[in-house]
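One file, query-v8.txt, carrying compact mmCIF, C-alpha atoms and all ligand atoms:
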```txt
# COMPACT_ATOMS: atom_id res chain seq x y z
CA MET S 1 89.77 88.15 100.44
CA THR S 2 89.64 91.69 101.77
CA LYS S 3 87.23 94.04 100.03
CA ILE S 4 89.56 97.02 100.07
CA GLU S 5 86.88 99.33 98.70
CA GLU S 6 84.72 98.66 101.78
CA SER S 7 87.54 99.01 104.31
CA VAL S 8 88.58 101.73 106.72
CA VAL S 9 92.37 101.38 106.95
CA LEU S 10 94.78 103.14 109.30
CA VAL S 11 98.27 103.60 107.84
CA VAL S 12 100.86 104.52 110.49
CA GLY S 13 104.06 105.94 109.03
CA ALA S 14 102.04 107.29 106.13
CA SER S 15 104.66 109.94 105.33
CA GLY S 16 107.43 107.41 104.70
CA GLY S 17 108.70 105.93 101.47
CA LEU S 18 106.64 102.77 101.82
CA GLY S 19 103.78 104.16 103.93
CA THR S 20 103.01 106.96 101.44
CA ARG S 21 102.86 104.50 98.58
CA ILE S 22 100.81 101.90 100.45
CA ALA S 23 98.32 104.57 101.59
CA ALA S 24 97.98 105.88 98.03
CA LEU S 25 97.46 102.40 96.55
CA LEU S 26 94.82 101.57 99.17
CA ALA S 27 93.04 104.88 98.51
CA ASP S 28 93.19 104.25 94.73
CA ALA S 29 91.56 100.88 95.36
CA GLY S 30 88.70 102.65 97.15
CA ALA S 31 89.64 102.25 100.81
CA THR S 32 88.94 104.98 103.32
CA VAL S 33 92.49 105.69 104.50
CA VAL S 34 93.38 107.35 107.80
CA ARG S 35 97.02 108.40 107.92
CA ALA S 36 99.35 108.95 110.85
CA ALA S 37 102.95 110.16 111.12
CA ARG S 38 105.14 112.16 113.44
CA ASN S 39 105.99 115.29 111.51
CA PRO S 40 103.06 117.68 110.90
CA GLU S 41 104.89 119.00 107.84
CA THR S 42 104.85 115.61 106.13
CA ILE S 43 101.14 114.81 106.39
CA SER S 44 98.07 116.98 106.37
CA GLY S 45 94.38 116.78 105.57
CA PRO S 46 91.19 115.74 107.34
CA ASP S 47 92.22 112.11 107.84
CA ALA S 48 95.79 112.79 108.95
CA PHE S 49 96.88 112.45 112.56
CA VAL S 50 100.18 113.50 114.07
CA ALA S 51 101.69 111.46 116.89
CA ASP S 52 105.18 110.51 118.00
CA LEU S 53 105.39 106.75 118.55
CA ARG S 54 108.02 107.25 121.26
CA ASP S 55 105.12 108.51 123.35
CA GLU S 56 103.50 105.61 125.22
CA ALA S 57 100.02 107.10 124.69
CA ALA S 58 100.41 107.54 120.90
CA ALA S 59 99.05 104.16 119.78
CA ALA S 60 95.80 104.50 121.70
CA ALA S 61 95.36 108.10 120.51
CA ILE S 62 95.89 107.20 116.83
CA VAL S 63 93.47 104.27 116.92
CA ALA S 64 90.88 106.34 118.80
CA ALA S 65 91.22 109.12 116.21
CA ALA S 66 90.69 106.70 113.32
CA VAL S 67 87.68 105.04 114.93
CA GLY S 68 86.33 108.44 116.01
CA ALA S 69 86.49 109.69 112.44
CA HIS S 70 84.87 106.70 110.74
CA GLY S 71 83.15 104.66 113.42
CA ARG S 72 85.06 101.51 112.61
CA LEU S 73 88.41 100.06 111.60
CA ASP S 74 89.04 97.16 109.22
CA GLY S 75 92.79 97.25 108.71
CA VAL S 76 96.01 98.65 110.13
CA VAL S 77 99.26 99.07 108.21
CA ILE S 78 102.26 99.78 110.43
CA ALA S 79 104.88 101.33 108.16
CA ALA S 80 106.63 103.55 110.69
CA GLY S 81 110.15 102.60 111.63
CA ALA S 82 113.63 103.79 112.48
CA VAL S 83 117.05 102.31 111.77
CA ALA S 84 120.47 102.57 113.42
CA PHE S 85 123.87 101.29 112.34
CA GLY S 86 127.07 100.55 114.20
CA PRO S 87 129.08 97.97 116.10
CA VAL S 88 127.57 96.14 119.08
CA GLY S 89 129.97 97.76 121.55
CA GLU S 90 128.94 101.29 120.59
CA VAL S 91 125.16 101.13 120.77
CA THR S 92 123.85 103.83 123.14
CA ASP S 93 120.95 103.55 125.56
CA ALA S 94 119.20 106.38 123.72
CA ALA S 95 119.40 104.55 120.38
CA LEU S 96 118.29 101.26 121.94
CA ARG S 97 115.30 102.93 123.57
CA GLU S 98 114.27 104.71 120.36
CA LEU S 99 114.61 101.59 118.20
CA PHE S 100 112.57 99.45 120.57
CA ASP S 101 109.97 102.20 121.17
CA ILE S 102 109.34 102.81 117.46
CA ASN S 103 109.95 99.38 115.93
CA ALA S 104 108.62 97.06 118.64
CA LEU S 105 106.64 98.63 121.49
CA ALA S 106 104.56 101.07 119.45
CA PRO S 107 103.52 98.46 116.83
CA ILE S 108 102.64 96.01 119.63
CA ARG S 109 100.53 98.69 121.31
CA LEU S 110 98.86 99.57 117.99
CA ILE S 111 97.90 95.92 117.51
CA ARG S 112 96.52 95.75 121.05
CA GLU S 113 94.50 98.96 120.64
CA ALA S 114 93.15 98.02 117.20
CA MET S 115 92.16 94.51 118.23
CA PRO S 116 88.64 95.12 119.61
CA HIS S 117 87.75 97.16 116.52
CA LEU S 118 89.13 94.49 114.21
CA VAL S 119 87.17 91.83 116.10
CA GLU S 120 84.03 93.91 115.42
CA SER S 121 85.01 94.15 111.76
CA GLY S 122 85.34 90.36 111.59
CA THR S 123 82.00 89.88 113.32
CA ALA S 124 80.46 92.19 110.71
CA GLY S 125 81.71 89.83 107.99
CA ARG S 126 84.64 91.87 106.70
CA ASP S 127 88.18 90.47 106.54
CA PRO S 128 90.17 92.54 109.05
CA PHE S 129 93.94 92.63 108.77
CA ILE S 130 97.13 94.01 110.27
CA LEU S 131 100.22 94.51 108.12
CA THR S 132 103.59 94.94 109.80
CA LEU S 133 107.00 95.51 108.21
CA SER S 134 109.65 93.74 110.27
CA GLY S 135 111.84 93.37 107.19
CA VAL S 136 114.44 90.82 106.19
CA VAL S 137 116.49 91.49 109.36
CA SER S 138 113.96 89.52 111.42
CA GLU S 139 114.70 86.48 109.23
CA ALA S 140 118.43 87.14 108.99
CA PRO S 141 119.69 89.35 111.86
CA THR S 142 122.52 91.35 110.37
CA ALA S 143 126.01 92.35 111.59
CA GLY S 144 126.29 96.12 111.99
CA LEU S 145 122.52 96.21 112.48
CA ALA S 146 122.25 94.16 115.68
CA ALA S 147 120.01 96.53 117.63
CA TYR S 148 117.74 97.23 114.64
CA SER S 149 117.58 93.48 113.94
CA ALA S 150 116.67 92.79 117.57
CA SER S 151 113.90 95.40 117.63
CA LYS S 152 112.42 94.03 114.41
CA SER S 153 112.76 90.41 115.61
CA ALA S 154 110.76 91.35 118.71
CA LEU S 155 107.99 92.65 116.47
CA ALA S 156 108.13 89.57 114.24
CA ALA S 157 107.85 87.25 117.24
CA PHE S 158 104.87 89.18 118.58
CA THR S 159 103.05 89.16 115.24
CA LYS S 160 103.67 85.44 114.76
CA ALA S 161 102.21 84.59 118.16
CA ALA S 162 99.40 87.15 117.79
CA SER S 163 98.41 85.83 114.38
CA ARG S 164 97.93 82.36 115.90
CA GLU S 165 95.93 83.84 118.75
CA LEU S 166 93.76 86.15 116.64
CA ARG S 167 93.06 83.74 113.78
CA ARG S 168 89.98 82.48 115.62
CA ALA S 169 88.59 86.02 115.68
CA GLY S 170 89.09 86.20 111.92
CA ILE S 171 91.94 88.73 112.15
CA ARG S 172 94.77 88.21 109.68
CA ILE S 173 98.24 89.47 110.60
CA VAL S 174 100.72 89.68 107.74
CA ASP S 175 104.36 90.47 108.52
CA ALA S 176 106.17 91.77 105.42
CA ARG S 177 109.92 91.13 105.34
CA PRO S 178 111.36 92.87 102.27
CA GLY S 179 115.09 93.37 101.92
CA HIS S 180 116.80 96.74 101.62
CA THR S 181 114.49 99.09 99.72
CA GLU S 182 115.38 102.42 98.12
CA THR S 183 113.22 104.72 100.24
CA GLY S 184 116.13 106.62 101.78
CA LEU S 185 115.52 105.08 105.23
CA ALA S 186 119.19 104.04 105.43
CA THR S 187 120.22 107.69 104.91
CA ARG S 188 118.18 108.80 107.97
CA PRO S 189 119.56 106.62 110.78
CA ILE S 190 119.03 107.63 114.39
CA ALA S 191 122.65 106.50 115.02
CA GLY S 192 125.64 105.42 112.97
CA THR S 193 126.16 105.45 109.21
CA ALA S 194 124.90 102.98 106.64
CA PRO S 195 127.47 100.78 104.92
CA ALA S 196 127.53 100.80 101.12
CA PHE S 197 124.50 98.65 100.31
CA PRO S 198 123.99 97.18 96.86
CA THR S 199 121.03 98.78 95.07
CA GLY S 200 117.88 97.86 96.93
CA LEU S 201 114.35 96.96 95.95
CA ASP S 202 112.08 99.39 94.10
CA PRO S 203 109.72 101.01 96.69
CA ASP S 204 106.83 101.05 94.18
CA ALA S 205 107.18 97.30 93.60
CA VAL S 206 107.42 96.58 97.34
CA ALA S 207 104.31 98.69 98.10
CA GLN S 208 102.37 97.04 95.25
CA ARG S 209 103.34 93.56 96.46
CA ILE S 210 102.15 94.44 99.99
CA VAL S 211 98.79 95.81 98.83
CA ARG S 212 98.28 92.77 96.59
CA ALA S 213 98.87 90.50 99.61
CA ILE S 214 96.31 92.47 101.62
CA ALA S 215 93.71 92.29 98.85
CA ASP S 216 94.30 88.61 98.06
CA GLY S 217 94.08 87.37 101.63
CA GLU S 218 97.72 86.23 101.81
CA LYS S 219 98.90 85.22 105.27
CA ASP S 220 102.64 85.90 105.17
CA LEU S 221 105.12 87.96 103.16
CA PRO S 222 108.63 86.50 103.66
CA SER S 223 111.68 88.09 102.05
CA THR S 224 111.37 85.62 99.16
CA ALA S 225 107.99 87.17 98.23
CA PHE S 226 109.73 90.38 97.13
N1 LIG S 301 113.55 100.81 103.43
C1 LIG S 301 114.00 99.58 103.72
O1 LIG S 301 115.08 99.16 103.30
C2 LIG S 301 113.15 98.67 104.55
C3 LIG S 301 113.29 97.28 104.42
C4 LIG S 301 112.52 96.43 105.22
C5 LIG S 301 111.64 96.97 106.15
N2 LIG S 301 111.53 98.32 106.26
C6 LIG S 301 110.62 98.86 107.26
O2 LIG S 301 109.51 99.43 106.58
C7 LIG S 301 109.00 100.53 107.33
C8 LIG S 301 108.91 101.75 106.42
O3 LIG S 301 110.24 102.08 106.01
P1 LIG S 301 110.54 103.22 104.93
O4 LIG S 301 111.67 102.72 104.14
O5 LIG S 301 109.29 103.67 104.27
O6 LIG S 301 111.10 104.36 105.91
P2 LIG S 301 110.96 105.95 105.85
O7 LIG S 301 110.76 106.42 104.46
O8 LIG S 301 112.11 106.50 106.61
O9 LIG S 301 109.60 106.22 106.66
C9 LIG S 301 109.58 106.05 108.05
C10 LIG S 301 108.21 106.43 108.57
O10 LIG S 301 108.21 106.21 109.99
C11 LIG S 301 107.73 107.38 110.62
N3 LIG S 301 108.35 107.54 111.93
C12 LIG S 301 109.66 107.46 112.24
N4 LIG S 301 109.83 107.71 113.54
C13 LIG S 301 108.60 107.94 114.07
C14 LIG S 301 108.11 108.27 115.35
N5 LIG S 301 108.93 108.42 116.41
N6 LIG S 301 106.78 108.44 115.52
C15 LIG S 301 105.94 108.32 114.47
N7 LIG S 301 106.33 108.01 113.22
C16 LIG S 301 107.65 107.84 113.03
C17 LIG S 301 108.12 108.53 109.71
O11 LIG S 301 107.28 109.65 109.99
P3 LIG S 301 107.84 111.18 109.86
O12 LIG S 301 108.17 111.38 108.42
O13 LIG S 301 106.70 112.00 110.29
O14 LIG S 301 109.03 111.25 110.77
C18 LIG S 301 107.84 107.91 108.34
O15 LIG S 301 106.46 108.00 108.05
C19 LIG S 301 109.94 100.69 108.54
O16 LIG S 301 109.40 100.01 109.65
C20 LIG S 301 111.20 100.00 108.07
O17 LIG S 301 111.96 99.51 109.17
C21 LIG S 301 112.23 99.18 105.46
```
Produce structure tokens that represent the structure in this file.
Amino acid sequence: MTKIEESVVLVVGASGGLGTRIAALLADAGATVVRAARNPETISGPDAFVADLRDEAAAAAIVAAAVGAHGRLDGVVIAAGAVAFGPVGEVTDAALRELFDINALAPIRLIREAMPHLVESGTAGRDPFILTLSGVVSEAPTAGLAAYSASKSALAAFTKAASRELRRAGIRIVDARPGHTETGLATRPIAGTAPAFPTGLDPDAVAQRIVRAIADGEKDLPSTAF
């Protein structure tokens, strides 16, 4: 079980539909929450850090800022992400690069940078965790979303292997895989246009389910958990 009220948690993507809600729920539960996002207009305050995850140095800078502010780190929620739609034959290099930078490489770097601090947290007897959001597409790669599915599957594969590797250090990695959720993400694609999706999941319910899994020490959040 994670004692949320004793935890310093970094939420990356804290200005998004899910990240905002998860950060607020963690803060309500007593966590010290450090927030990061790209757009300075969407987050502000003493514990808010602006960084663009397309920048290779962003992950290290965000983790260093969080640890610099509070001296330790007990959890990381990676709720930043970007989506693109369109047929396989039309995917551009720019879209591919952006999807893999934001959805796969940056989260992998964040996990790497957070690791020594989370090991320390485990040694100190807390229950450190990492929460990623690969989404249902990593379970069921989807036509019209091939590049997005591939970027999220890369993240899911990394977290699965990393969770096996880091278990011994007491670090829990939970990959949440909700289906389409009504945050507006699908209306902000970096390429293409969303098809007409059926009404998605309620973002409040998805965020609550994620925070419950963190608090209760759950080890996985497959699509069927939502
Ligand atoms: N909504 C869904 O249907 C759904 C389903 C399953 C999984 N997911 C995943 O859940 C996560 C959160 O999704 P959401 O629905 O909350 O999306 P959202 O509302 O669009 O939020 C996206 C977040 O990512 C940040 N971000 C985007 N590009 C960035 C960049 N280059 N550098 C730094 N931050 C960047 C945004 O920051 P700024 O506002 O500062 O740009 C924002 O905080 C994503 O990884 C998404 O793929 C979503």
ask   = ligand LIG 301 (chain S): which residues are within 7 Å, counting all atoms listed in the file, as a ChimeraX atom specification?
value = /S:13-19,37-40,42,51-54,79-83,102-103,133-136,177-186,188
request  = Using all atoms listed in the file, determine which residues lie at most 7 Å from Ala23 (chain S), disregarding the query and same-chain residues fewer than 3 positions distant; provide the list as a count of residues only.
outcome  = 7
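Between Leu221 (chain S) and the candidates S:Ile4, S:Ala169, S:Leu131, S:Val50, the tightest atom-to-atom separation, counting all atoms listed in the file, involves S:Leu131.
Taking CA of Leu105 (chain S) and CA of Leu155 (chain S) as the two end points, the separation is 7.9 Å.
Put simply, CA of Phe85 (chain S) is 6.0 Å away from CA of Ala191 (chain S).
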Near-Ala154 (chain S) list (9 Å; all atoms listed in the file; drop same-chain fewer than 4 positions) as a list in words =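 Residues meeting the cut-off are Phe100, Asn103, Ala104, Leu105, Ser134, Ser138, Ser149, Ala150, Phe158 and Thr159 of chain S.
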Atomic distance CA of Pro203 (chain S) - CA of Ala106 (chain S), expressed in Å with one decimal = 23.3 Å
inquiry  = Using only C-alpha atoms, can you tell me which of S:Pro141, S:Phe226, S:Ile108, S:Ala57 comes closest to Ala205 (chain S)?
reply    =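 Among the listed residues, S:Phe226 lies closest to Ala205 (chain S).
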task = Counting all atoms listed in the file, figure out which residue out of S:Val63, S:Ala157, S:Ala48, S:Leu96 gets nearest to Thr132 (chain S).
result = S:Ala157
ask   = Which is closest to Ile130 (chain S) among S:Gly75, S:Pro46, S:Gly30, S:Gly68, if we use all atoms listed in the file?
value = S:Gly75
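Using only C-alpha atoms, the residues found no farther than 10 Å from Ala147 (chain S), other than those of its own chain fewer than 3 positions away, are Val83, Ala84, Phe85, Gly86, Pro87, Val88, Val91, Thr92, Ala95, Leu96, Arg97, Leu99, Phe100, Pro141, Thr142, Ala143, Gly144, Ala150, Ser151, Lys152 and Ser153 of chain S.
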For region 8-77 of chain S versus region 109-128 of chain S, which residues have an atom no more than 12 Å away, and what is each residue's nearest atom pair and distance in Å rounded to one decimal, using all atoms listed in the file, chain-then-number order, as a Markdown table?
```
| residue | atom | partner | partner_atom | distance |
| --- | --- | --- | --- | --- |
| S:Val8 | CA | S:Pro128 | CA | 9.6 |
| S:Val9 | CA | S:Pro128 | CA | 9.3 |
| S:Leu10 | CA | S:Ala114 | CA | 9.6 |
| S:Val11 | CA | S:Leu110 | CA | 10.9 |
| S:Val12 | CA | S:Leu110 | CA | 9.2 |
| S:Ala36 | CA | S:Leu110 | CA | 11.8 |
| S:Leu53 | CA | S:Leu110 | CA | 9.7 |
| S:Arg54 | CA | S:Arg109 | CA | 11.4 |
| S:Asp55 | CA | S:Arg109 | CA | 11.0 |
| S:Glu56 | CA | S:Arg109 | CA | 8.5 |
| S:Ala57 | CA | S:Arg109 | CA | 9.1 |
| S:Ala58 | CA | S:Leu110 | CA | 8.6 |
| S:Ala59 | CA | S:Leu110 | CA | 4.9 |
| S:Ala60 | CA | S:Glu113 | CA | 5.8 |
| S:Ala61 | CA | S:Glu113 | CA | 9.2 |
| S:Ile62 | CA | S:Leu110 | CA | 8.3 |
| S:Val63 | CA | S:Ala114 | CA | 6.3 |
| S:Ala64 | CA | S:Glu113 | CA | 8.4 |
| S:Ala65 | CA | S:Ala114 | CA | 11.3 |
| S:Ala66 | CA | S:Ala114 | CA | 9.8 |
| S:Val67 | CA | S:His117 | CA | 8.0 |
| S:Gly68 | CA | S:His117 | CA | 11.4 |
| S:His70 | CA | S:His117 | CA | 11.5 |
| S:Gly71 | CA | S:His117 | CA | 9.3 |
| S:Arg72 | CA | S:His117 | CA | 6.4 |
| S:Leu73 | CA | S:His117 | CA | 5.7 |
| S:Asp74 | CA | S:Pro128 | CA | 4.8 |
| S:Gly75 | CA | S:Pro128 | CA | 5.4 |
| S:Val76 | CA | S:Ala114 | CA | 7.7 |
| S:Val77 | CA | S:Leu110 | CA | 9.8 |
```
key: From S:Ala161, S:Ala69, S:Ala156, S:Val206, residue lying nearest Ala225 (chain S) [all atoms listed in the file]   = S:Val206
Since fewer atoms than expected are present, regenerate all heavy atoms for region 128-139 of chain S and write them as a compact mmCIF listing (two decimals), keeping the file's coordinate frame.
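Output file out.txt is given in full below:
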```
# COMPACT_ATOMS: atom_id res chain seq x y z
N PRO S 128 89.23 91.59 108.46
CA PRO S 128 90.17 92.54 109.05
C PRO S 128 91.62 92.04 108.99
O PRO S 128 91.88 90.84 109.04
CB PRO S 128 89.70 92.66 110.50
CG PRO S 128 88.92 91.42 110.76
CD PRO S 128 88.31 91.01 109.46
N PHE S 129 92.52 93.00 108.90
CA PHE S 129 93.94 92.63 108.77
C PHE S 129 94.84 93.64 109.49
O PHE S 129 94.45 94.79 109.71
CB PHE S 129 94.35 92.54 107.30
CG PHE S 129 94.37 93.89 106.62
CD1 PHE S 129 95.52 94.67 106.62
CD2 PHE S 129 93.22 94.40 106.03
CE1 PHE S 129 95.54 95.93 106.02
CE2 PHE S 129 93.22 95.66 105.44
CZ PHE S 129 94.38 96.42 105.44
N ILE S 130 96.04 93.16 109.79
CA ILE S 130 97.13 94.01 110.27
C ILE S 130 98.34 93.69 109.41
O ILE S 130 98.63 92.51 109.16
CB ILE S 130 97.45 93.73 111.75
CG1 ILE S 130 96.27 94.11 112.65
CG2 ILE S 130 98.72 94.46 112.20
CD1 ILE S 130 96.35 93.55 114.05
N LEU S 131 99.01 94.72 108.94
CA LEU S 131 100.22 94.51 108.12
C LEU S 131 101.38 95.17 108.83
O LEU S 131 101.36 96.38 109.08
CB LEU S 131 99.97 95.13 106.73
CG LEU S 131 100.99 94.95 105.60
CD1 LEU S 131 102.30 95.68 105.82
CD2 LEU S 131 101.26 93.48 105.28
N THR S 132 102.39 94.38 109.19
CA THR S 132 103.59 94.94 109.80
C THR S 132 104.76 94.79 108.82
O THR S 132 104.69 94.03 107.85
CB THR S 132 103.93 94.21 111.12
OG1 THR S 132 103.98 92.80 110.86
CG2 THR S 132 102.88 94.49 112.18
N LEU S 133 105.84 95.51 109.10
CA LEU S 133 107.00 95.51 108.21
C LEU S 133 108.27 95.26 109.02
O LEU S 133 109.07 96.16 109.24
CB LEU S 133 107.09 96.87 107.52
CG LEU S 133 106.45 96.97 106.13
CD1 LEU S 133 106.00 98.38 105.85
CD2 LEU S 133 107.42 96.48 105.07
N SER S 134 108.44 94.00 109.48
CA SER S 134 109.65 93.74 110.27
C SER S 134 110.90 93.71 109.39
O SER S 134 111.99 93.99 109.83
CB SER S 134 109.51 92.45 111.08
OG SER S 134 109.67 91.32 110.28
N GLY S 135 110.71 93.36 108.12
CA GLY S 135 111.84 93.37 107.19
C GLY S 135 112.69 92.12 107.27
O GLY S 135 112.55 91.28 108.17
N VAL S 136 113.61 92.02 106.32
CA VAL S 136 114.44 90.82 106.19
C VAL S 136 115.30 90.58 107.43
O VAL S 136 115.67 89.44 107.74
CB VAL S 136 115.30 90.88 104.91
CG1 VAL S 136 116.38 91.96 105.02
CG2 VAL S 136 115.93 89.53 104.59
N VAL S 137 115.60 91.65 108.19
CA VAL S 137 116.49 91.49 109.36
C VAL S 137 115.88 90.59 110.44
O VAL S 137 116.61 90.06 111.27
CB VAL S 137 116.91 92.83 109.99
CG1 VAL S 137 117.78 93.64 109.03
CG2 VAL S 137 115.70 93.63 110.45
N SER S 138 114.54 90.44 110.43
CA SER S 138 113.96 89.52 111.42
C SER S 138 114.12 88.06 110.98
O SER S 138 114.00 87.16 111.80
CB SER S 138 112.48 89.86 111.68
OG SER S 138 111.68 89.50 110.58
N GLU S 139 114.38 87.84 109.70
CA GLU S 139 114.70 86.48 109.23
C GLU S 139 116.20 86.23 109.32
O GLU S 139 116.64 85.12 109.59
CB GLU S 139 114.29 86.31 107.75
CG GLU S 139 112.81 86.26 107.51
CD GLU S 139 112.49 86.13 106.02
OE1 GLU S 139 113.41 85.98 105.19
OE2 GLU S 139 111.29 86.20 105.70
```
